[in-house]
$ cat run.cif   # mmCIF, C-alpha atoms and all ligand atoms
data_start
#
loop_
_atom_site.label_atom_id
_atom_site.label_comp_id
_atom_site.auth_asym_id
_atom_site.auth_seq_id
_atom_site.Cartn_x
_atom_site.Cartn_y
_atom_site.Cartn_z
CA MET A 1 -4.25 91.86 53.41
CA THR A 2 -1.28 89.51 53.05
CA ASP A 3 0.91 89.35 49.93
CA LYS A 4 -0.28 85.80 49.31
CA ILE A 5 -3.91 86.96 49.19
CA LYS A 6 -3.08 89.97 46.99
CA THR A 7 -1.26 87.72 44.51
CA ILE A 8 -4.03 85.14 44.33
CA LEU A 9 -6.76 87.80 43.87
CA ASN A 10 -4.87 89.64 41.13
CA ALA A 11 -4.28 86.28 39.42
CA GLN A 12 -8.02 85.61 39.62
CA ILE A 13 -8.80 88.93 37.89
CA GLN A 14 -6.62 87.64 35.07
CA GLU A 15 -8.44 84.26 35.06
CA GLU A 16 -11.83 85.97 34.87
CA LEU A 17 -10.72 88.29 32.05
CA TYR A 18 -9.30 85.30 30.19
CA SER A 19 -12.71 83.63 30.68
CA ALA A 20 -14.42 86.72 29.21
CA ASN A 21 -12.13 86.65 26.17
CA LEU A 22 -12.58 82.90 25.77
CA TYR A 23 -16.37 83.30 25.71
CA LEU A 24 -16.13 86.24 23.32
CA ALA A 25 -13.95 84.15 20.98
CA LEU A 26 -16.44 81.26 21.23
CA ALA A 27 -19.30 83.68 20.47
CA GLY A 28 -17.41 84.67 17.33
CA ARG A 29 -16.94 81.06 16.27
CA LEU A 30 -20.60 80.18 16.86
CA GLU A 31 -21.75 83.31 15.04
CA ALA A 32 -19.52 82.32 12.10
CA TRP A 33 -21.36 78.96 12.04
CA ASN A 34 -24.69 80.86 12.06
CA LEU A 35 -25.55 79.61 15.53
CA LYS A 36 -26.61 83.05 16.69
CA GLY A 37 -28.57 81.86 19.74
CA MET A 38 -25.53 80.03 21.10
CA ALA A 39 -23.42 83.07 20.28
CA ASN A 40 -25.85 85.15 22.36
CA TRP A 41 -25.43 82.72 25.27
CA MET A 42 -21.63 83.10 25.00
CA HIS A 43 -21.85 86.91 24.85
CA ILE A 44 -23.82 86.93 28.10
CA GLN A 45 -21.29 84.58 29.61
CA GLU A 46 -18.58 87.00 28.48
CA GLN A 47 -20.29 89.93 30.22
CA GLU A 48 -20.76 87.92 33.40
CA GLU A 49 -17.07 87.02 33.44
CA ARG A 50 -16.09 90.69 33.17
CA ASN A 51 -18.34 91.32 36.18
CA HIS A 52 -16.68 88.47 38.06
CA ALA A 53 -13.31 90.16 37.37
CA LEU A 54 -14.73 93.48 38.59
CA GLY A 55 -15.91 91.81 41.78
CA PHE A 56 -12.29 90.97 42.66
CA PHE A 57 -11.12 94.38 41.36
CA TYR A 58 -13.43 96.27 43.74
CA PHE A 59 -12.84 93.86 46.61
CA LEU A 60 -9.12 94.70 46.43
CA LEU A 61 -9.89 98.43 46.30
CA ASN A 62 -12.32 98.19 49.22
CA ARG A 63 -9.55 96.56 51.23
CA GLY A 64 -7.13 99.39 50.41
CA GLU A 65 -5.21 97.60 47.64
CA GLU A 66 -4.73 98.71 44.04
CA PRO A 67 -5.58 95.92 41.58
CA VAL A 68 -2.76 94.89 39.24
CA LEU A 69 -3.71 93.86 35.71
CA SER A 70 -1.44 91.66 33.63
CA ALA A 71 -1.32 90.23 30.11
CA ILE A 72 -4.18 87.97 29.05
CA ALA A 73 -3.29 84.91 26.94
CA GLN A 74 -4.90 84.33 23.56
CA PRO A 75 -7.99 82.09 23.98
CA ASP A 76 -7.28 78.50 22.92
CA LEU A 77 -10.12 77.37 20.62
CA SER A 78 -8.30 74.38 19.16
CA ALA A 79 -10.76 71.91 20.76
CA ALA A 80 -13.86 73.89 19.66
CA THR A 81 -14.55 72.00 16.45
CA ASP A 82 -18.37 71.84 16.64
CA ALA A 83 -21.20 72.98 18.94
CA SER A 84 -20.83 69.97 21.27
CA ALA A 85 -17.08 70.51 21.54
CA VAL A 86 -17.64 74.22 22.27
CA PHE A 87 -19.78 73.42 25.33
CA ALA A 88 -17.43 70.62 26.42
CA LEU A 89 -14.62 73.18 26.31
CA SER A 90 -16.77 75.60 28.30
CA LEU A 91 -17.42 72.94 30.97
CA ASN A 92 -13.70 72.05 31.21
CA HIS A 93 -12.88 75.72 31.61
CA GLU A 94 -15.46 76.22 34.36
CA GLN A 95 -14.06 73.18 36.20
CA HIS A 96 -10.67 74.88 36.08
CA ILE A 97 -12.19 78.13 37.42
CA SER A 98 -13.91 76.20 40.24
CA ALA A 99 -10.49 74.84 41.27
CA CYS A 100 -9.10 78.43 41.29
CA ILE A 101 -12.01 79.65 43.44
CA HIS A 102 -11.60 76.76 45.86
CA ALA A 103 -7.87 77.60 46.15
CA ILE A 104 -8.84 81.17 47.08
CA TYR A 105 -11.17 79.86 49.78
CA GLU A 106 -8.36 77.66 51.13
CA ALA A 107 -5.94 80.62 51.13
CA ALA A 108 -8.49 82.80 52.93
CA LYS A 109 -8.80 80.16 55.65
CA GLU A 110 -5.03 79.68 55.94
CA GLU A 111 -4.38 83.44 56.15
CA LYS A 112 -7.37 83.97 58.48
CA ASP A 113 -8.78 86.52 56.02
CA TYR A 114 -12.39 86.41 57.23
CA ALA A 115 -13.62 89.14 54.85
CA LEU A 116 -12.33 87.17 51.87
CA GLU A 117 -13.73 83.95 53.27
CA SER A 118 -17.17 85.56 53.29
CA PHE A 119 -16.79 87.30 49.89
CA ILE A 120 -15.60 84.20 48.03
CA ARG A 121 -18.66 82.17 49.04
CA TRP A 122 -20.71 83.86 46.29
CA TYR A 123 -18.19 82.61 43.70
CA ILE A 124 -18.24 79.08 45.15
CA ASP A 125 -22.02 78.94 44.72
CA GLU A 126 -21.82 80.58 41.29
CA GLN A 127 -19.41 77.90 40.07
CA VAL A 128 -21.94 75.18 40.90
CA GLU A 129 -24.38 76.98 38.58
CA GLU A 130 -21.74 77.65 35.90
CA GLU A 131 -20.77 73.98 35.73
CA ALA A 132 -24.43 72.87 35.80
CA ASN A 133 -25.35 75.20 32.91
CA ALA A 134 -22.48 74.05 30.68
CA THR A 135 -23.20 70.40 31.55
CA GLU A 136 -26.90 70.77 30.73
CA ILE A 137 -26.23 72.23 27.27
CA LYS A 138 -23.48 69.68 26.57
CA GLU A 139 -25.87 66.83 27.54
CA LYS A 140 -28.73 68.28 25.47
CA LEU A 141 -26.42 68.41 22.45
CA LYS A 142 -25.51 64.75 23.04
CA LEU A 143 -29.20 63.89 23.27
CA ILE A 144 -30.16 65.61 20.01
CA GLY A 145 -27.09 64.48 18.11
CA GLY A 146 -25.84 68.03 17.68
CA THR A 147 -27.14 68.58 14.11
CA GLY A 148 -30.23 69.36 12.02
CA PRO A 149 -33.58 70.82 13.18
CA SER A 150 -32.97 69.89 16.84
CA LEU A 151 -29.72 71.87 16.83
CA TYR A 152 -31.65 74.79 15.32
CA MET A 153 -34.25 74.54 18.12
CA LEU A 154 -31.60 74.46 20.85
CA ASP A 155 -29.96 77.46 19.22
CA GLN A 156 -33.30 79.30 19.40
CA GLU A 157 -33.65 78.34 23.08
CA LEU A 158 -30.21 79.69 23.98
CA GLY A 159 -30.97 82.86 22.04
CA ALA A 160 -33.57 83.71 24.70
CA ARG A 161 -30.97 84.05 27.46
CA ALA A 162 -30.97 87.61 28.80
CA TYR A 163 -28.16 89.50 30.52
CA VAL A 164 -28.69 90.61 34.11
CA ALA A 165 -26.15 93.19 35.33
CA PHE A 166 -24.53 92.12 38.60
CA ILE A 167 -21.09 92.69 40.07
CA PRO A 168 -20.37 90.46 43.09
CA GLY A 169 -20.09 92.54 46.26
CA LYS A 170 -21.31 95.70 44.55
CA THR A 171 -24.75 97.23 44.01
CA VAL A 172 -25.35 97.95 40.33
CA ALA A 173 -27.65 100.84 39.44
FE1 LIG B 201 -17.52 81.33 34.54
O1 LIG B 201 -17.08 81.90 36.21
FE2 LIG B 201 -16.27 83.47 36.55
O2 LIG B 201 -15.95 83.13 38.31
#
$ encode --input "run.cif" --output "structure tokens"
Amino acid sequence: MTDKIKTILNAQIQEELYSANLYLALAGRLEAWNLKGMANWMHIQEQEERNHALGFFYFLLNRGEEPVLSAIAQPDLSAATDASAVFALSLNHEQHISACIHAIYEAAKEEKDYALESFIRWYIDEQVEEEANATEIKEKLKLIGGTGPSLYMLDQELGARAYVAFIPGKTVA
């Protein structure tokens, strides 16, 4: 594995762990507003992000490289002023992550790292879903006006989301 690939994969572990912390912080904010269903949705997102980080962690190890962890920045919640803004922030963040994943794909092609080129495809597809999910909730909030009984009902709906354990590239018992 080239140094360029090692650097970009270790940086992505950091991005995914930042994502996990961001979603945990958003879960806390939503819970503080008594939107427990939305907080549940964020908690599941948080767990998935940790698994995304672990996917890169084990990919490095499987290729004979020790993962290097670095400091994670404090999540920036300044834009998260209400439920709609929380999901807009989530969508913006996922668009940023998609750009990171696409840069990894580009690097894999440039460095002729065929194993990485294959591995990263799961993340490319996952980002389509991640952006679609955040967009759907953001649009629903726009539709219902983001307050009152309809907000309560959407909160209930998001409370039904269930966590499914999955680490990319690894079989989970
Ligand atoms: Fe939210 O996505 Fe990770 O990769």
$ closest_atom_pairs --input "run.cif" --of "chain A" --to "ligand LIG 201 (chain B)" --cutoff "10 Å" --atoms "all atoms listed in the file" --output "Markdown table"
| residue | atom | partner | partner_atom | distance |
| --- | --- | --- | --- | --- |
| A:Gln12 | CA | B:LIG201 | O2 | 8.4 |
| A:Ile13 | CA | B:LIG201 | O2 | 9.2 |
| A:Glu15 | CA | B:LIG201 | FE2 | 8.0 |
| A:Glu16 | CA | B:LIG201 | FE2 | 5.4 |
| A:Leu17 | CA | B:LIG201 | FE2 | 8.6 |
| A:Tyr18 | CA | B:LIG201 | FE2 | 9.6 |
| A:Ser19 | CA | B:LIG201 | FE1 | 6.6 |
| A:Ala20 | CA | B:LIG201 | FE1 | 8.2 |
| A:Tyr23 | CA | B:LIG201 | FE1 | 9.1 |
| A:Gln45 | CA | B:LIG201 | FE1 | 7.0 |
| A:Glu46 | CA | B:LIG201 | FE1 | 8.4 |
| A:Gln47 | CA | B:LIG201 | FE2 | 9.9 |
| A:Glu48 | CA | B:LIG201 | FE2 | 7.1 |
| A:Glu49 | CA | B:LIG201 | FE2 | 4.8 |
| A:Arg50 | CA | B:LIG201 | FE2 | 8.0 |
| A:Asn51 | CA | B:LIG201 | FE2 | 8.1 |
| A:His52 | CA | B:LIG201 | FE2 | 5.2 |
| A:Ala53 | CA | B:LIG201 | FE2 | 7.4 |
| A:Gly55 | CA | B:LIG201 | O2 | 9.3 |
| A:Phe56 | CA | B:LIG201 | O2 | 9.7 |
| A:Ser90 | CA | B:LIG201 | FE1 | 8.5 |
| A:Leu91 | CA | B:LIG201 | FE1 | 9.1 |
| A:His93 | CA | B:LIG201 | FE1 | 7.8 |
| A:Glu94 | CA | B:LIG201 | FE1 | 5.5 |
| A:Gln95 | CA | B:LIG201 | FE1 | 9.0 |
| A:His96 | CA | B:LIG201 | O1 | 9.5 |
| A:Ile97 | CA | B:LIG201 | O1 | 6.3 |
| A:Ser98 | CA | B:LIG201 | O2 | 7.5 |
| A:Cys100 | CA | B:LIG201 | O2 | 8.8 |
| A:Ile101 | CA | B:LIG201 | O2 | 7.3 |
| A:Ile120 | CA | B:LIG201 | O2 | 9.8 |
| A:Trp122 | CA | B:LIG201 | O2 | 9.3 |
| A:Tyr123 | CA | B:LIG201 | O2 | 5.9 |
| A:Ile124 | CA | B:LIG201 | O2 | 8.3 |
| A:Asp125 | CA | B:LIG201 | O2 | 9.8 |
| A:Glu126 | CA | B:LIG201 | O2 | 7.1 |
| A:Gln127 | CA | B:LIG201 | O1 | 6.0 |
| A:Val128 | CA | B:LIG201 | O1 | 9.5 |
| A:Glu129 | CA | B:LIG201 | FE1 | 9.1 |
| A:Glu130 | CA | B:LIG201 | FE1 | 5.8 |
| A:Glu131 | CA | B:LIG201 | FE1 | 8.1 |
| A:Ala134 | CA | B:LIG201 | FE1 | 9.6 |
| A:Pro168 | CA | B:LIG201 | O2 | 9.8 |
$ residues_around --input "run.cif" --residues "Asp76 (chain A)" --least-positions-apart "3" --cutoff "9 Å" --atoms "all atoms listed in the file" --output "ChimeraX atom specification"
/A:22,25,73,79-80
$ write_last_selection --input "run.cif" --atoms "C-alpha atoms" --output "PDB file, keeping the file's coordinate frame"
ATOM      1  CA  LEU A  22     -12.580  82.900  25.770  1.00  0.00           C
ATOM      2  CA  ALA A  25     -13.950  84.150  20.980  1.00  0.00           C
ATOM      3  CA  ALA A  73      -3.290  84.910  26.940  1.00  0.00           C
ATOM      4  CA  ALA A  79     -10.760  71.910  20.760  1.00  0.00           C
ATOM      5  CA  ALA A  80     -13.860  73.890  19.660  1.00  0.00           C
TER       6      ALA A  80
END
$ atom_distance --input "run.cif" --atom1 "CA of Glu66 (chain A)" --atom2 "CA of Ile167 (chain A)"
17.9 Å
$ atom_distance --input "run.cif" --atom1 "CA of Gly146 (chain A)" --atom2 "CA of Asn21 (chain A)"
24.6 Å
$ closest_residue --input "run.cif" --among "A:Leu35, A:Ile44, A:Ala11, A:Met1" --to "Leu151 (chain A)" --atoms "only C-alpha atoms"
A:Leu35
$ residues_around --input "run.cif" --residues "Ala39 (chain A)" --least-positions-apart "5" --cutoff "10 Å" --atoms "all atoms listed in the file" --output "VMD selection string"
chain A and resid 23 to 34 44 to 45 155 158 to 159
$ residues_near_point --input "run.cif" --point "(-5.3, 92.7, 41.1)" --cutoff "7 Å" --atoms "all atoms listed in the file" --output "list in words"
Lys6, Leu9, Asn10, Ala11, Ile13, Phe57, Leu60, Glu66, Pro67, Val68 and Leu69 of chain A
$ write_last_selection --input "run.cif" --atoms "C-alpha atoms" --output "PDB file, keeping the file's coordinate frame"
ATOM      1  CA  LYS A   6      -3.080  89.970  46.990  1.00  0.00           C
ATOM      2  CA  LEU A   9      -6.760  87.800  43.870  1.00  0.00           C
ATOM      3  CA  ASN A  10      -4.870  89.640  41.130  1.00  0.00           C
ATOM      4  CA  ALA A  11      -4.280  86.280  39.420  1.00  0.00           C
ATOM      5  CA  ILE A  13      -8.800  88.930  37.890  1.00  0.00           C
ATOM      6  CA  PHE A  57     -11.120  94.380  41.360  1.00  0.00           C
ATOM      7  CA  LEU A  60      -9.120  94.700  46.430  1.00  0.00           C
ATOM      8  CA  GLU A  66      -4.730  98.710  44.040  1.00  0.00           C
ATOM      9  CA  PRO A  67      -5.580  95.920  41.580  1.00  0.00           C
ATOM     10  CA  VAL A  68      -2.760  94.890  39.240  1.00  0.00           C
ATOM     11  CA  LEU A  69      -3.710  93.860  35.710  1.00  0.00           C
TER      12      LEU A  69
END
$ closest_residue --input "run.cif" --among "A:Leu89, A:Ala162, A:Lys170, A:Phe119" --to "Pro75 (chain A)" --atoms "all atoms listed in the file"
A:Leu89
$ atom_distance --input "run.cif" --atom1 "CA of Ala115 (chain A)" --atom2 "CA of Ala165 (chain A)"
23.5 Å
$ closest_residue --input "run.cif" --among "A:Ile72, A:Ala103, A:Met153, A:Ile5" --to "Leu141 (chain A)" --atoms "all atoms listed in the file"
A:Met153
$ axis_aligned_box --input "run.cif" --around "region 67-80 of chain A" --padding-each-side "4 Å" --output "JSON"
{"center_x": -7.6, "center_y": 83.9, "center_z": 30.4, "size_x": 20.5, "size_y": 32.0, "size_z": 30.4}
